[in-house]
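Coordinates as given in protein-v7.txt (compact mmCIF, C-alpha atoms):
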```txt
# COMPACT_ATOMS: atom_id res chain seq x y z
CA MET A 60 34.91 -31.15 54.01
CA GLU A 61 32.65 -28.12 54.24
CA ARG A 62 35.13 -26.06 52.21
CA GLN A 63 35.16 -28.77 49.54
CA ALA A 64 31.38 -28.74 49.35
CA ILE A 65 31.32 -24.94 48.98
CA LEU A 66 34.04 -25.15 46.33
CA GLY A 67 32.06 -27.85 44.52
CA LEU A 68 28.89 -25.73 44.56
CA ALA A 69 30.84 -22.75 43.29
CA VAL A 70 32.26 -24.80 40.42
CA VAL A 71 28.77 -26.10 39.57
CA ALA A 72 27.39 -22.54 39.63
CA VAL A 73 30.13 -21.32 37.27
CA LEU A 74 29.57 -24.23 34.92
CA VAL A 75 25.79 -23.63 34.89
CA GLY A 76 26.41 -19.96 34.28
CA LEU A 77 28.76 -20.72 31.41
CA GLY A 78 26.22 -23.14 29.97
CA ILE A 79 23.44 -20.56 30.08
CA GLY A 80 25.78 -17.99 28.56
CA ALA A 81 26.65 -20.37 25.75
CA VAL A 82 22.98 -21.04 25.04
CA VAL A 83 22.15 -17.33 25.07
CA HIS A 84 25.12 -16.60 22.80
CA ALA A 85 24.08 -19.36 20.43
CA GLU A 86 20.54 -17.93 20.25
CA THR A 87 21.59 -14.34 19.67
CA SER A 88 24.31 -15.13 17.16
CA GLU A 89 22.13 -17.44 15.09
CA SER A 90 21.92 -16.29 11.50
CA PRO A 91 18.52 -15.21 10.19
CA LYS A 92 16.69 -17.80 8.11
CA LEU A 93 14.18 -17.79 5.29
CA HIS A 94 10.60 -18.22 6.48
CA ALA A 95 7.29 -19.03 4.87
CA PRO A 96 5.28 -15.84 4.22
CA SER A 97 3.33 -14.67 7.28
CA ARG A 98 1.05 -11.69 7.97
CA ILE A 99 1.01 -9.10 10.68
CA GLY A 100 -2.00 -10.29 12.60
CA TYR A 101 -2.74 -7.81 15.36
CA ARG A 102 -6.07 -6.17 16.05
CA VAL A 103 -4.46 -2.75 15.89
CA LEU A 104 -2.97 -3.48 12.48
CA ASN A 105 -2.83 -6.38 10.11
CA GLY A 106 -1.47 -6.82 6.64
CA GLN A 107 1.24 -8.24 4.47
CA ALA A 108 4.74 -7.42 3.33
CA PHE A 109 5.80 -7.71 -0.29
CA VAL A 110 9.12 -7.49 -2.07
CA SER A 111 9.25 -7.30 -5.86
CA THR A 112 11.33 -6.15 -8.77
CA GLU A 113 10.64 -5.46 -12.42
CA ARG A 114 14.05 -6.87 -13.38
CA PRO A 115 15.07 -9.88 -11.28
CA THR A 116 18.16 -10.72 -13.36
CA VAL A 117 20.97 -8.24 -13.97
CA ARG A 118 24.62 -8.33 -15.04
CA ALA A 119 27.33 -7.61 -12.46
CA GLY A 120 27.78 -3.85 -12.33
CA GLU A 121 24.10 -3.14 -13.01
CA PRO A 122 21.87 -2.11 -10.10
CA LEU A 123 18.99 -4.19 -8.80
CA ILE A 124 15.94 -2.08 -8.00
CA LEU A 125 13.78 -3.71 -5.35
CA GLN A 126 10.36 -2.56 -4.17
CA MET A 127 9.48 -3.10 -0.51
CA GLN A 128 5.84 -2.63 0.48
CA PHE A 129 3.51 -2.96 3.43
CA GLN A 130 -0.14 -3.49 2.48
CA CYS A 131 -2.54 -2.83 5.34
CA GLU A 132 -5.53 -5.18 5.37
CA GLY A 133 -7.20 -4.06 8.56
CA GLY A 134 -6.89 -2.06 11.75
CA TYR A 135 -5.98 1.58 12.06
CA ALA A 136 -2.72 2.70 13.60
CA ALA A 137 0.06 5.21 13.40
CA VAL A 138 3.12 3.58 11.83
CA TYR A 139 6.58 4.97 12.55
CA ASP A 140 8.94 5.37 9.59
CA PRO A 141 6.35 4.16 7.05
CA PHE A 142 8.72 4.65 4.11
CA PHE A 143 11.60 2.67 5.67
CA ARG A 144 14.01 5.62 5.66
CA MET A 145 15.60 5.01 9.06
CA ALA A 146 17.28 1.72 8.12
CA ASP A 147 16.61 0.47 11.63
CA PRO A 148 17.06 -3.32 11.76
CA SER A 149 14.87 -3.58 14.84
CA ARG A 150 11.88 -2.52 12.67
CA VAL A 151 12.43 -3.66 9.10
CA THR A 152 15.09 -5.75 7.41
CA LEU A 153 15.53 -6.83 3.81
CA ARG A 154 17.27 -10.15 4.18
CA VAL A 155 19.36 -11.59 1.37
CA PHE A 156 20.30 -15.28 1.23
CA ASP A 157 22.57 -16.98 -1.26
CA ALA A 158 21.73 -19.95 -3.49
CA GLU A 159 22.37 -22.34 -0.58
CA ARG A 160 20.01 -20.23 1.56
CA LYS A 161 22.91 -19.03 3.65
CA TYR A 162 22.42 -15.56 5.07
CA VAL A 163 24.28 -12.79 3.21
CA GLY A 164 23.02 -9.70 5.02
CA ASN A 165 20.42 -6.97 5.38
CA ALA A 166 20.31 -4.96 2.16
CA LEU A 167 18.35 -2.16 3.84
CA ALA A 168 21.26 -1.52 6.23
CA ALA A 169 23.37 -0.40 3.26
CA VAL A 170 21.01 2.52 2.66
CA ALA A 171 22.02 5.79 4.29
CA ARG A 172 19.79 6.58 7.24
CA ASP A 173 17.64 9.54 6.21
CA ASP A 174 16.59 11.72 9.12
CA ARG A 175 15.20 14.47 6.87
CA SER A 176 11.93 12.72 6.22
CA GLU A 177 9.03 14.94 7.20
CA VAL A 178 6.77 11.98 7.73
CA ARG A 179 7.81 10.16 10.87
CA TRP A 180 4.37 8.81 11.68
CA LEU A 181 1.60 7.96 9.24
CA MET A 182 -1.89 6.80 10.10
CA VAL A 183 -2.47 3.65 8.11
CA GLN A 184 -5.72 1.82 7.53
CA GLU A 185 -7.24 -0.93 5.41
CA GLY A 186 -6.23 -0.85 1.76
CA GLU A 187 -3.35 1.56 2.14
CA ILE A 188 0.12 0.76 0.84
CA THR A 189 3.42 2.30 1.93
CA GLY A 190 6.94 1.41 0.97
CA ARG A 191 10.08 2.36 -0.84
CA ALA A 192 12.32 1.43 -3.73
CA LEU A 193 15.82 0.25 -2.93
CA ARG A 194 18.81 0.31 -5.25
CA LEU A 195 21.23 -2.52 -4.63
CA GLU A 196 24.60 -2.39 -6.37
CA THR A 197 26.15 -5.53 -7.85
CA GLU A 198 29.70 -6.59 -8.62
CA ALA A 199 31.68 -9.72 -9.40
CA ALA A 200 31.93 -10.57 -5.68
CA THR A 201 29.90 -9.62 -2.63
CA SER A 202 31.41 -6.88 -0.50
CA TYR A 203 30.45 -5.43 2.86
CA ALA A 204 30.52 -1.93 4.32
CA THR A 205 33.80 -0.96 5.95
CA GLY A 206 33.75 -1.99 9.58
CA ALA A 207 30.68 -4.18 9.18
CA ARG A 208 30.99 -7.53 10.88
CA VAL A 209 30.00 -10.57 8.94
CA GLY A 210 27.89 -12.82 11.13
CA ASP A 211 26.23 -9.94 12.93
CA GLY A 212 22.68 -10.84 11.88
CA ASP A 213 20.56 -7.97 10.59
CA ARG A 214 23.44 -5.54 11.07
CA ASP A 215 25.43 -7.22 8.31
CA THR A 216 25.66 -4.66 5.53
CA PRO A 217 26.33 -5.91 2.01
CA THR A 218 27.13 -2.93 -0.20
CA HIS A 219 27.47 -4.97 -3.40
CA LEU A 220 25.98 -8.33 -4.30
CA GLY A 221 28.29 -10.66 -6.17
CA GLU A 222 27.49 -12.97 -9.03
CA GLY A 223 25.03 -15.72 -8.16
CA LYS A 224 21.44 -16.49 -7.34
CA TYR A 225 19.81 -15.02 -4.23
CA PHE A 226 16.61 -15.18 -2.22
CA VAL A 227 15.27 -11.95 -0.75
CA GLN A 228 12.71 -11.59 2.03
CA LEU A 229 11.32 -8.49 3.73
CA VAL A 230 10.84 -8.98 7.47
CA PHE A 231 9.06 -6.75 9.99
CA LEU A 232 10.16 -6.95 13.61
CA GLY A 233 8.48 -5.96 16.85
CA ARG A 234 9.39 -2.29 16.70
CA PHE A 235 7.49 -1.89 13.41
CA LEU A 236 4.43 -1.64 15.63
CA ASP A 237 5.84 1.00 18.00
CA VAL A 238 3.31 3.27 19.65
CA CYS A 239 3.19 7.05 19.48
CA THR A 240 3.06 8.65 22.90
CA ASP A 241 0.88 11.65 23.53
CA ASP A 242 3.56 13.87 25.02
CA ASP A 243 5.99 13.64 22.14
CA GLU A 244 6.48 11.73 18.93
CA THR A 245 9.16 9.41 20.22
CA PRO A 246 8.37 5.84 19.21
CA ARG A 247 8.01 3.47 22.16
CA PRO A 248 7.94 -0.32 22.03
CA ARG A 249 4.43 -1.72 22.02
CA PRO A 250 3.75 -3.42 25.35
CA GLY A 251 4.04 -7.18 25.11
CA LEU A 252 6.01 -7.14 21.87
CA LYS A 253 9.74 -7.88 21.90
CA SER A 254 11.86 -5.83 19.52
CA SER A 255 13.57 -8.98 18.25
CA GLN A 256 10.24 -10.71 17.54
CA GLU A 257 9.68 -11.33 13.82
CA ILE A 258 6.07 -10.37 13.22
CA CYS A 259 5.78 -10.58 9.42
CA HIS A 260 7.60 -12.30 6.57
CA SER A 261 7.07 -11.33 2.95
CA ASN A 262 7.06 -13.49 -0.13
CA VAL A 263 10.48 -14.79 -1.17
CA LEU A 264 11.87 -13.02 -4.23
CA VAL A 265 14.45 -14.78 -6.40
CA ILE A 266 17.08 -12.55 -8.01
CA GLU A 267 20.23 -13.32 -9.96
CA VAL A 268 23.44 -11.50 -10.77
CA LEU A 269 25.04 -12.81 -13.95
CA PRO A 270 28.72 -12.35 -14.89
CA ARG A 271 29.59 -9.28 -16.94
CA ARG A 272 29.49 -9.80 -20.69
CA MET B 191 -35.44 26.04 -1.87
CA PHE B 192 -33.48 22.81 -1.47
CA ALA B 193 -35.87 20.95 -3.76
CA SER B 194 -35.52 23.57 -6.48
CA THR B 195 -31.74 23.53 -6.18
CA LEU B 196 -31.78 19.74 -6.42
CA ARG B 197 -34.04 19.87 -9.48
CA TRP B 198 -31.72 22.45 -11.06
CA SER B 199 -28.68 20.28 -10.36
CA LEU B 200 -30.30 17.13 -11.68
CA SER B 201 -31.53 18.84 -14.82
CA ARG B 202 -28.03 20.06 -15.57
CA ALA B 203 -26.13 16.97 -14.53
CA PRO B 204 -25.91 15.51 -18.05
CA THR B 205 -24.67 18.86 -19.32
CA LEU B 206 -22.04 19.04 -16.59
CA TRP B 207 -20.89 15.50 -17.36
CA ALA B 208 -20.72 16.34 -21.05
CA LEU B 209 -18.71 19.47 -20.27
CA GLY B 210 -16.39 17.39 -18.11
CA MET B 211 -15.81 14.94 -20.94
CA VAL B 212 -15.19 17.76 -23.41
CA ALA B 213 -12.68 19.24 -20.98
CA MET B 214 -11.07 15.81 -20.67
CA ILE B 215 -10.76 15.51 -24.43
CA ASN B 216 -9.43 19.08 -24.76
CA SER B 217 -6.82 18.46 -22.10
CA GLY B 218 -5.42 15.65 -24.18
CA VAL B 219 -6.40 12.63 -22.09
CA ALA B 220 -8.74 10.99 -24.56
CA THR B 221 -6.21 8.62 -26.04
CA GLY B 222 -4.88 5.38 -24.67
CA ASP B 223 -1.22 6.19 -25.14
CA GLU B 224 1.30 5.27 -22.48
CA ARG B 225 3.65 8.20 -22.41
CA PRO B 226 7.24 7.91 -21.21
CA GLN B 227 7.47 8.77 -17.53
CA ASP B 228 11.15 9.65 -17.27
CA ALA B 229 10.70 13.40 -17.00
CA VAL B 230 7.93 13.42 -14.40
CA PRO B 231 8.30 13.55 -10.62
CA CYS B 232 6.34 10.36 -10.01
CA LYS B 233 5.79 6.94 -11.46
CA ALA B 234 2.45 5.20 -11.02
CA LYS B 235 1.73 1.50 -11.22
CA LEU B 236 -1.81 0.27 -11.75
CA THR B 237 -2.76 -3.37 -11.18
CA VAL B 238 -6.16 -5.05 -11.40
CA ASP B 239 -6.95 -8.14 -9.34
CA ASN B 240 -9.97 -9.24 -11.39
CA PRO B 241 -9.41 -8.34 -15.04
CA ALA B 242 -12.48 -10.31 -16.20
CA ILE B 243 -15.80 -9.27 -14.66
CA GLU B 244 -19.50 -9.17 -15.47
CA ALA B 245 -21.23 -5.96 -16.48
CA GLY B 246 -21.79 -3.70 -13.50
CA GLU B 247 -19.46 -5.59 -11.17
CA GLU B 248 -16.70 -3.95 -9.18
CA ILE B 249 -13.13 -3.75 -10.40
CA GLN B 250 -10.58 -4.43 -7.67
CA PHE B 251 -7.48 -2.38 -8.37
CA ALA B 252 -4.36 -1.02 -6.72
CA ILE B 253 -2.55 2.16 -7.59
CA VAL B 254 0.90 2.90 -6.18
CA VAL B 255 2.77 6.14 -6.78
CA SER B 256 6.52 6.44 -6.19
CA ASN B 257 8.71 9.51 -5.88
CA GLN B 258 11.20 9.48 -8.77
CA THR B 259 13.08 12.63 -7.72
CA GLU B 260 15.93 13.08 -5.26
CA GLU B 261 13.92 15.49 -3.14
CA PRO B 262 10.76 15.12 -1.07
CA ILE B 263 7.57 15.87 -3.00
CA THR B 264 4.17 16.89 -1.70
CA LEU B 265 1.05 15.17 -2.98
CA LEU B 266 -2.57 16.26 -2.74
CA ASN B 267 -4.96 13.48 -1.78
CA PRO B 268 -2.48 10.64 -2.42
CA LEU B 269 -4.96 8.04 -1.18
CA HIS B 270 -7.69 9.23 -3.56
CA SER B 271 -10.33 10.03 -0.96
CA GLY B 272 -13.70 11.01 -2.37
CA LEU B 273 -13.96 13.58 0.41
CA VAL B 274 -11.41 15.86 -1.23
CA ARG B 275 -13.20 17.78 -3.95
CA VAL B 276 -10.15 19.03 -5.81
CA GLU B 277 -9.75 16.69 -8.75
CA THR B 278 -6.30 15.10 -8.80
CA THR B 279 -6.78 11.84 -10.70
CA ARG B 280 -9.00 10.17 -13.27
CA LEU B 281 -9.33 6.45 -13.83
CA LEU B 282 -9.98 6.50 -17.56
CA VAL B 283 -11.47 3.64 -19.48
CA PHE B 284 -10.78 3.21 -23.20
CA ASP B 285 -12.74 0.98 -25.54
CA GLY B 286 -11.30 -1.41 -28.12
CA THR B 287 -10.72 1.42 -30.61
CA GLY B 288 -8.74 3.49 -28.08
CA LYS B 289 -11.59 5.97 -27.56
CA CYS B 290 -11.97 7.33 -24.04
CA VAL B 291 -15.32 6.19 -22.67
CA GLY B 292 -15.16 8.02 -19.34
CA ASP B 293 -13.77 8.30 -15.85
CA LEU B 294 -14.66 5.47 -13.48
CA LEU B 295 -14.06 7.72 -10.47
CA GLU B 296 -16.52 10.34 -11.71
CA SER B 297 -19.47 9.32 -9.55
CA ARG B 298 -17.25 9.27 -6.46
CA LYS B 299 -16.34 12.88 -7.10
CA LEU B 300 -19.96 13.99 -7.23
CA ALA B 301 -21.49 12.24 -4.23
CA GLY B 302 -21.42 12.45 -0.48
CA SER B 303 -19.82 14.83 1.97
CA ALA B 304 -16.57 16.74 1.57
CA ILE B 305 -13.84 18.33 3.63
CA SER B 306 -12.28 21.73 3.13
CA PRO B 307 -10.08 21.59 0.03
CA THR B 308 -7.37 23.60 1.79
CA ALA B 309 -7.18 21.39 4.90
CA ALA B 310 -3.54 20.53 5.55
CA ILE B 311 -4.48 16.90 6.14
CA ASN B 312 -5.16 16.53 2.39
CA TRP B 313 -1.46 16.87 1.57
CA LEU B 314 1.33 14.41 2.26
CA THR B 315 5.06 14.86 1.73
CA ILE B 316 6.90 11.71 0.74
CA PRO B 317 10.70 11.32 0.65
CA PRO B 318 12.78 10.22 -2.36
CA ASP B 319 12.19 6.59 -3.37
CA ALA B 320 9.05 6.42 -1.20
CA MET B 321 5.86 4.88 -2.50
CA ILE B 322 2.29 5.34 -1.37
CA GLY B 323 -0.85 3.76 -2.69
CA LYS B 324 -4.15 2.10 -2.11
CA LYS B 325 -6.08 -1.03 -2.91
CA ASP B 326 -9.48 0.16 -4.01
CA HIS B 327 -12.58 -0.88 -5.90
CA VAL B 328 -14.91 0.87 -8.28
CA ARG B 329 -17.99 -0.24 -10.16
CA ALA B 330 -17.40 -0.74 -13.88
CA ARG B 331 -19.77 1.94 -15.04
CA VAL B 332 -19.62 5.37 -16.56
CA ARG B 333 -22.32 7.97 -15.94
CA LEU B 334 -24.45 5.34 -14.18
CA ASN B 335 -24.28 3.07 -17.23
CA ALA B 336 -22.54 -0.26 -16.80
CA LEU B 337 -19.79 -0.94 -19.30
CA GLN B 338 -21.05 -3.37 -21.91
CA ALA B 339 -19.35 -6.64 -22.73
CA GLY B 340 -16.03 -6.11 -24.44
CA THR B 341 -12.37 -5.43 -23.95
CA TYR B 342 -11.25 -2.17 -22.40
CA ARG B 343 -8.07 -0.58 -21.10
CA LEU B 344 -7.80 1.23 -17.79
CA GLN B 345 -5.28 3.93 -17.10
CA MET B 346 -4.98 6.39 -14.24
CA VAL B 347 -4.22 9.96 -15.23
CA PHE B 348 -2.66 12.30 -12.67
CA LEU B 349 -3.30 16.03 -12.93
CA ASP B 350 -1.03 18.93 -11.98
CA THR B 351 -3.04 19.31 -8.77
CA PHE B 352 -1.71 15.95 -7.56
CA VAL B 353 1.91 17.08 -7.15
CA SER B 354 1.48 20.44 -5.47
CA ASP B 355 2.55 22.23 -2.34
CA HIS B 356 -0.01 23.20 0.24
CA PRO B 357 -1.33 26.67 -0.67
CA TYR B 358 -0.75 27.98 2.85
CA ALA B 359 2.85 26.72 3.08
CA GLY B 360 4.86 29.26 5.06
CA LEU B 361 1.80 30.90 6.57
CA PRO B 362 0.65 30.24 10.12
CA PRO B 363 -2.02 27.51 10.22
CA PRO B 364 -5.38 29.21 9.54
CA TYR B 365 -6.85 28.11 12.84
CA THR B 366 -4.10 30.05 14.68
CA ALA B 367 -4.60 33.24 12.67
CA PRO B 368 -6.60 35.71 14.79
CA ASP B 369 -8.64 37.08 11.91
CA ARG B 370 -8.39 34.32 9.35
CA GLU B 371 -11.74 35.12 7.73
CA ASN B 372 -10.61 38.63 6.82
CA ASP B 373 -6.94 37.85 6.28
CA PRO B 374 -6.41 38.26 2.52
CA ARG B 375 -3.25 36.17 2.52
CA TYR B 376 -5.19 32.90 2.71
CA ALA B 377 -7.68 33.78 -0.01
CA ASP B 378 -4.90 35.11 -2.25
CA ARG B 379 -2.79 32.01 -1.80
CA TRP B 380 -5.73 29.70 -2.59
CA LYS B 381 -6.63 31.73 -5.66
CA LYS B 382 -3.03 31.61 -6.90
CA TRP B 383 -2.83 27.87 -6.21
CA GLN B 384 -5.92 27.33 -8.34
CA GLN B 385 -4.45 29.44 -11.14
CA ASP B 386 -1.15 27.57 -10.97
CA HIS B 387 -2.89 24.18 -11.02
CA PRO B 388 -5.60 24.32 -13.68
CA GLY B 389 -5.91 20.53 -13.82
CA LYS B 390 -3.67 19.69 -16.77
CA GLU B 391 -2.40 16.17 -17.16
CA LEU B 392 0.96 15.62 -15.46
CA PHE B 393 1.63 11.91 -15.90
CA ARG B 394 -0.09 8.54 -16.33
CA SER B 395 0.09 5.06 -14.93
CA ASN B 396 0.60 2.00 -17.08
CA ALA B 397 -2.54 0.77 -18.86
CA VAL B 398 -4.26 -2.48 -17.86
CA GLU B 399 -6.61 -4.51 -20.04
CA ILE B 400 -9.92 -5.65 -18.57
CA LYS B 401 -12.73 -7.71 -20.04
CA ILE B 402 -16.41 -7.26 -19.35
CA VAL B 403 -17.92 -10.67 -19.96
CA ASP B 404 -21.53 -11.61 -20.39
CA ARG B 405 -21.78 -14.90 -18.53
CA GLY B 406 -25.47 -15.17 -19.42
CA LYS B 407 -24.65 -15.94 -23.04
```

Just dump the structure as structure tokens.
Amino acid sequence: MERQAILGLAVVAVLVGLGIGAVVHAETSESPKLHAPSRIGYRVLNGQAFVSTERPTVRAGEPLILQMQFQCEGGYAAVYDPFFRMADPSRVTLRVFDAERKYVGNALAAVARDDRSEVRWLMVQEGEITGRALRLETEAATSYATGARVGDGDRDTPTHLGEGKYFVQLVFLGRFLDVCTDDDETPRPRPGLKSSQEICHSNVLVIEVLPRR
Amino acid sequence: MFASTLRWSLSRAPTLWALGMVAMINSGVATGDERPQDAVPCKAKLTVDNPAIEAGEEIQFAIVVSNQTEEPITLLNPLHSGLVRVETTRLLVFDGTGKCVGDLLESRKLAGSAISPTAAINWLTIPPDAMIGKKDHVRARVRLNALQAGTYRLQMVFLDTFVSDHPYAGLPPPYTAPDRENDPRYADRWKKWQQDHPGKELFRSNAVEIKIVDRGK
């Protein structure tokens, strides 16, 4: 009788554990979604993200040139990787969604990580703008980097966008606000801010890749 | 002594402004043309939030410069601080006939305190594809005179001083040099930098139309 009770408890514990695991897995594997624009609203730094392009419609085979910007509207803080050269999806992602708003991938992940940049930290204050231009290749069909897993959230790496209409949104995550320690220049997570926390969503840019002539 | 110096400066201010404008015209920046920017290291985009204002009001603008090369470039005073007294940019205003009326940033360059022009903090190196800029505001007036009602075009002109390496690049920082005051290397480098960067136009932003309106009429 006692053995049956222990066995029963053990089974319940395993089932509960599996249930929690399933919930956690469901949360972490959930695809990113489009959000309404939101600002960084911390005392240390506040501002907005913007994504734009001078040419939102191109033919397959032509590149899309996107501009990603952070506009500081208040505060004063050192920002790590202010020109988005590190392609670190725990700081900044450029999310692309298809016409049905289904997640395609993080276009910034397709950019080669550039460790040569001399500016790792930049003091940013009200009115200042930092950012980068991003060249996104297009083709008849969307393709991903070799070895990239589709369904891996912000690590999905589309190397070419296929024909169709897309929505693009720049998102800053918790590590965008990393702090600079005194002893070295290694970025450390800001206390109280999770790295997975989405702290800012840009406007939503509509782009389109038309078939080749 | 101070009062006499001030009087001297004030008495010559109009002359200095006139000389500045003559220099501007001679350096070829007195036309409203938008030159192709393919061959220059940077591209600049100017936007104005309030293109219709009353006389004397402030213009809210943003200027963003992007690196068009495949190598890092070094910029002097990329955020257009009035504290840096080496001229790198002019925000020119052109009237309806295309004539250059003046530089809206001129008064900012003449007033207030300043920091050493050779301070390393004045320079910033930005990587390929990077962009840096500022949202700013300036009163719509030239030489203390408000722009009169009418249509104008604004364009930012960047001088050869803007894209320039730090004059002491490769030397130990001056504050670590034991006898910096008497070390000729620093003075020689600064002199050569000034000779190499006489302030010629390097590139321009797009031009933006603004209207000065007289709401009283």

| task | Excluding region 250-260 of chain A and any residue of its chain fewer than 3 positions from it, enumerate the residues within 8 Å of it, using only C-alpha atoms, and give them as a ChimeraX atom specification. | result | /A:94-99,107-108,149-150,228-234

| By how many Å are CA of Val353 (chain B) and CA of Val138 (chain A) apart? | 23.3 Å

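Near chain A, within 8 Å and counting all atoms listed in the file, the residues of chain B are Val254, Ser256, Pro262, Leu269, Thr315, Ile316, Pro317, Asp319, Ala320, Met321, Ile322, Gly323, Lys324, Lys325 and Asp326 of chain B.
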
| remark: Counting all atoms listed in the file, the residue among B:Gly246, B:Pro362, B:Gly389, B:Gly292 that lies closest to Val328 (chain B) is B:Gly246

| request: Rounded to one decimal place, report the CA of Gly106 (chain A)-CA of Ala168 (chain A) distance in Å. | output: 23.3 Å

| Residue with smallest distance to Arg275 (chain B) - pool B:Ile311, B:Ala397, B:Leu300, B:Ile402, counting only C-alpha atoms |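 Closest residue, counting only C-alpha atoms: B:Leu300.
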
| task | Compare B:His387, B:Arg333, B:Arg280, B:His327 by their minimum atom-to-atom distance to Ser297 (chain B), counting all atoms listed in the file, and give me the closest one. | result |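 Counting all atoms listed in the file, the residue closest to Ser297 (chain B) is B:Arg333.
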
| query | Got a sec: who's within 10 Å of Val283 (chain B), counting only C-alpha atoms, leaving out chain neighbours fewer than 4 positions off, as a PyMOL selection string? | reply | chain B and resi 220-222+288-294+330-332+337+342-346+397-400

| request: For the point (17.5, -10.8, -2.5) in the file's frame, write as a PyMOL selection string all residues with an atom no more than 12 Å away, counting only C-alpha atoms. | output: chain A and resi 93+110-112+115-116+123-127+152-158+160-167+193-197+217+219-221+223-229+261-268

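With CA of Pro270 (chain A) on one side and CA of Ala146 (chain A) on the other, the separation reads 29.3 Å.
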
| task | Select, counting only C-alpha atoms, all protein, DNA and RNA residues no farther than 9 Å from (3.1, 0.1, -14.2) in file coordinates, and express the selection as a PyMOL selection string. | result | chain B and resi 233-237+253-254+395-398

| message | Would you pick out the contacts of Ala310 (chain B) at 10 Å or less, using only C-alpha atoms, so that residues sharing its chain but fewer than 3 positions from it are not included, and give the list as JSON, numbers by chain? | response | {"B": [266, 306, 307, 313, 314, 356, 357, 358, 359, 363, 364]}

Restricted to C-alpha atoms, what would the selected residues look like written as a PDB file, in the frame of the given file?
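Done, and the output landed in result-v6.pdb:
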```pdb
ATOM      1  CA  LEU B 266      -2.570  16.260  -2.740  1.00  0.00           C
ATOM      2  CA  SER B 306     -12.280  21.730   3.130  1.00  0.00           C
ATOM      3  CA  PRO B 307     -10.080  21.590   0.030  1.00  0.00           C
ATOM      4  CA  TRP B 313      -1.460  16.870   1.570  1.00  0.00           C
ATOM      5  CA  LEU B 314       1.330  14.410   2.260  1.00  0.00           C
ATOM      6  CA  HIS B 356      -0.010  23.200   0.240  1.00  0.00           C
ATOM      7  CA  PRO B 357      -1.330  26.670  -0.670  1.00  0.00           C
ATOM      8  CA  TYR B 358      -0.750  27.980   2.850  1.00  0.00           C
ATOM      9  CA  ALA B 359       2.850  26.720   3.080  1.00  0.00           C
ATOM     10  CA  PRO B 363      -2.020  27.510  10.220  1.00  0.00           C
ATOM     11  CA  PRO B 364      -5.380  29.210   9.540  1.00  0.00           C
TER      12      PRO B 364
END
```

For region 362-375 of chain B, take all atoms listed in the file, fit an axis-aligned box around them, add 8 Å to each of the six sides, then output centre and edge lengths in Å rounded to one decimal, as JSON.
```
{"center_x": -5.5, "center_y": 33.1, "center_z": 8.7, "size_x": 28.4, "size_y": 27.1, "size_z": 28.3}
```

| query | Closest to Arg394 (chain B) among B:Val230, B:Ile263, B:Val238, B:Leu334, using all atoms listed in the file? | reply | B:Val230

| Nearest to Ala245 (chain B) by atom-to-atom distance, counting only C-alpha atoms, from B:Lys381, B:Lys401, B:Arg375, B:Arg370 |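 Smallest distance to Ala245 (chain B) is found for B:Lys401.
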